[in-house]
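Taking it in order: structure first as structure tokens, then the write-up.
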Amino acid sequence: MKSIRLEGITKYYRNEPVLKDVHLTIESGSFFTLLGPSGSGKTTLLRLIAGFEKVDAGRIFLDDQDITDLPAHQRKINTVFQHYALFPHLNVFENVAFGLRIKGLPERIIEQRVMRILKAVHLENHVFKNIAQLSGGQQQRIALSRAIVNEPEVLLLDEPLAALDLSLRERMLVELIELQEQFKTTFIYVTHDQLEALAVSHQMAIMNHQGHIEQIGFPKKIYEFPVSTFVAQFVGSTNLIEGTIITQDGNTYLQAPHLPPIEVTYDEQTNGMTVWLNLRPEKIAISKKPMQGFSNSLHGTVEAILYHGCSTVYRIVLAHNVRLQVFEQNEEHFPRETIEHHDQVYVYWQKENASVLKR
Amino acid sequence: MIIVKRLYHYLKQEYAFALAIPALLWQIIFLYIPLIFVIGKALYAGNNAISGTWLLCVCDWVHARIIFRSLVMSVMVASVCLLIAYPVAYYLALRIQRGKNIFLFLLTLPFWTNFLVQIYAWVFIVEQHGIINTLLLHLHIIKEPIHILHTKFIIGLVMVYSYLPFMIIPLFLVLEKFDKRLLEAAADLGATRLQALFRVTVPLTLAGMRTGFLLVMVPVFGDYAICTVLGGGKYLFVGPLIAEYFLVAHDMTTGAAFLLISLLILLAAMGIISIGIKALERKWV
């Protein structure tokens, strides 16, 4: 396992910049995720690391070795493709053995290593089957085995679970984490699914539509303390309230049009500057009765109720068409109060549970 | 009445079969019935006697050599076509992004001229005082005109020229369907371009090679025009000899027998080649 360092990576497609001056360090042995909307250049970044495309500017390092000009087949990096790209003319065993045969390893060692990996992904009973005979989940695991059997320094995964159904995806996520722990390979995982990214990564980078990295951090930090409205909106759902910062009697408030001042925790001197309050739906409590002990309380009308079984999302209209989403866990069979459509409600939250974003 | 009704209902359900009936009739009338006549002619000598001419064709060294010569020619032409066509089809299918149709159109352009006219054009190019000899003499590369016309070489060359599209098109069709991403996967697993070609692309396009091989081999084996015009009757091949028996010698029995034997040998050869390529495929699958 080795680390990957990207320095000033720039890539154009038909004179349109896809990636602009990307700097990124991925530590060896970590499970790193590139998360971004489609068209954010995350797959391009992966293809550059794999060597399928050439950079227009910048260098790529594998530990201290500059691999920018090394062709794909000479890099000790393997890829799990989104569409698997399994060889249809080879059976399961030969697909997995492909890389080892290219290296010219002795038959005995090839068999040992292929069988070891096929056992690890629970496919030891399908060794001589054709690819077409296997289900999507099994094909996915072969794609994974075919890459990891080469013991790469870095394993690249390009939305490997995108084609699977939800329950299978969850099982595969757990298997991925286990494999990563077992082989200690550096994983670089590309996805547009924020839940997947939050679940598996040690570190993640959020990319925006312009091919910039907005934020790098561990999942909890990204979710709880996003640096921008883009990250806040892309990772999880959130409420953003635009306003200006005012200071009164030593307290800091956000003044939004048509709303009473909202108490916030904010250290920077940004008096009068336009900012956004980032308030996650699950951080808000909702009740028909006024409650004590919260730093903020607003009044509104229930506009819509989305019942998800384990939870319910309420859409509340505050004064003058400002809307808030509130997430409530359905903890009891018989809740003490039932909130209905058009009810007048209060929403509460502690100021520490909301953050202020400058962009 | 009931039979007609049943037939009507059957055809209504199996309308694909119903649509195939005209073509089927055509084939029966113009292919299978004549073939039966040929077989009959070859085996039945008249006066309730079984003909022995076909035996002559097998045992006779001259006939066997002609069949062998045609067979070698057809395998060689098909092989040369394969070697030339594969890179062309590969380039067309995998490298060209736009304007594929224009290239395919250019490929079929020779078909717009009459086949016989094309062959005669070759005569003017390669004959004693033809374009090539005149040019080479002018440039003082040769002192005397070289013999190109009436050689096996020119017969083979013109055959490759004529039947090349029959190899390119099936190869193009399989390569067109070939998933390019598999080449990326191969490179990712450490394969060089050459290794990827022989371990991924070639095995996955064997079906096209098989079709192309058969499409070229069959017409070359029975070719009449190219052998006659460019060979000048110096070498006998299967096609001209059959024509000789039927049209010049009017020896229907020997002609039919010879036709039948060469047909069987061609079928056997194609069967062996087809099975060979299939075996290769299975080895890879």
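The chains in the structure tokens are called A, B, ... from first to last as shown; in each chain the residues are counted from 1, and the ligands are counted from 1 in the order shown.
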Got a sec to pull out which chain B residues are within 6 Å of chain A, counting only C-alpha atoms, and send them as an MDAnalysis selection string?
chainID B and resid 182 187:191 285
What parts of stretch 10-174 of chain A does DSSP call helix (DSSP H, G or I)? I'd like the answer as JSON, numbers by chain.
{"A": [42, 43, 44, 45, 46, 47, 48, 49, 50, 72, 73, 74, 92, 93, 94, 95, 96, 97, 98, 99, 100, 101, 102, 103, 107, 108, 109, 110, 111, 112, 113, 114, 115, 116, 117, 118, 119, 120, 131, 132, 133, 136, 137, 138, 139, 140, 141, 142, 143, 144, 145, 146, 147, 148, 166, 167, 168, 169, 170, 171, 172, 173, 174]}
Can you work out which one of B:Gly233, B:Gly156, B:Gly255, B:Gly276 has the shortest atom-to-atom distance to B:Val220, counting only C-alpha atoms?
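Residue with the minimum atom-to-atom distance to B:Val220: B:Gly156.
The neighbours of B:Ala269 here are the residues that come within 12 Å of it, using only C-alpha atoms and leaving out any residue fewer than 2 positions away in the same chain; they are Ile67, Phe68, Ser70, Leu71, Val72, Ser74, Val75, Phe213, Leu214, Met217, Val218, Phe221, Ser262, Leu263, Leu264, Ile265, Leu266, Leu267, Gly271, Ile272, Ile273, Ser274, Ile275 and Gly276 of chain B.
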So that I can see what lies close to A:Arg171, please list as a PyMOL selection string the residues with an atom at most 12 Å from it, counting only C-alpha atoms and leaving out residues fewer than 4 positions away in the same chain.
chain A and resi 121+137+141+161+164-167+175-178+196+199-200
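Interatomic distance, atom CA of A:Glu352 against atom CA of A:Glu242: 17.7 Å.
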Test item: residues at most 8 Å from stretch 82-91 of chain B, only C-alpha atoms, excluding those fewer than 6 positions along its chain, as a list in words
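The residues that qualify are Leu164, Pro165, Met167, Ile168, Ile169, Leu171, Phe172, Leu175, Met209, Gly212 and Phe213 of chain B.
Considering only C-alpha atoms, the residue among A:His122, A:Arg14, A:Lys288, A:Lys358 positioned nearest to A:Thr338 is A:Lys288.
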So that I can see what lies close to B:Met252, please list as a ChimeraX atom specification the residues with an atom at most 8 Å from it, counting only C-alpha atoms and leaving out residues fewer than 4 positions away in the same chain.
/B:41-42,245-246,256
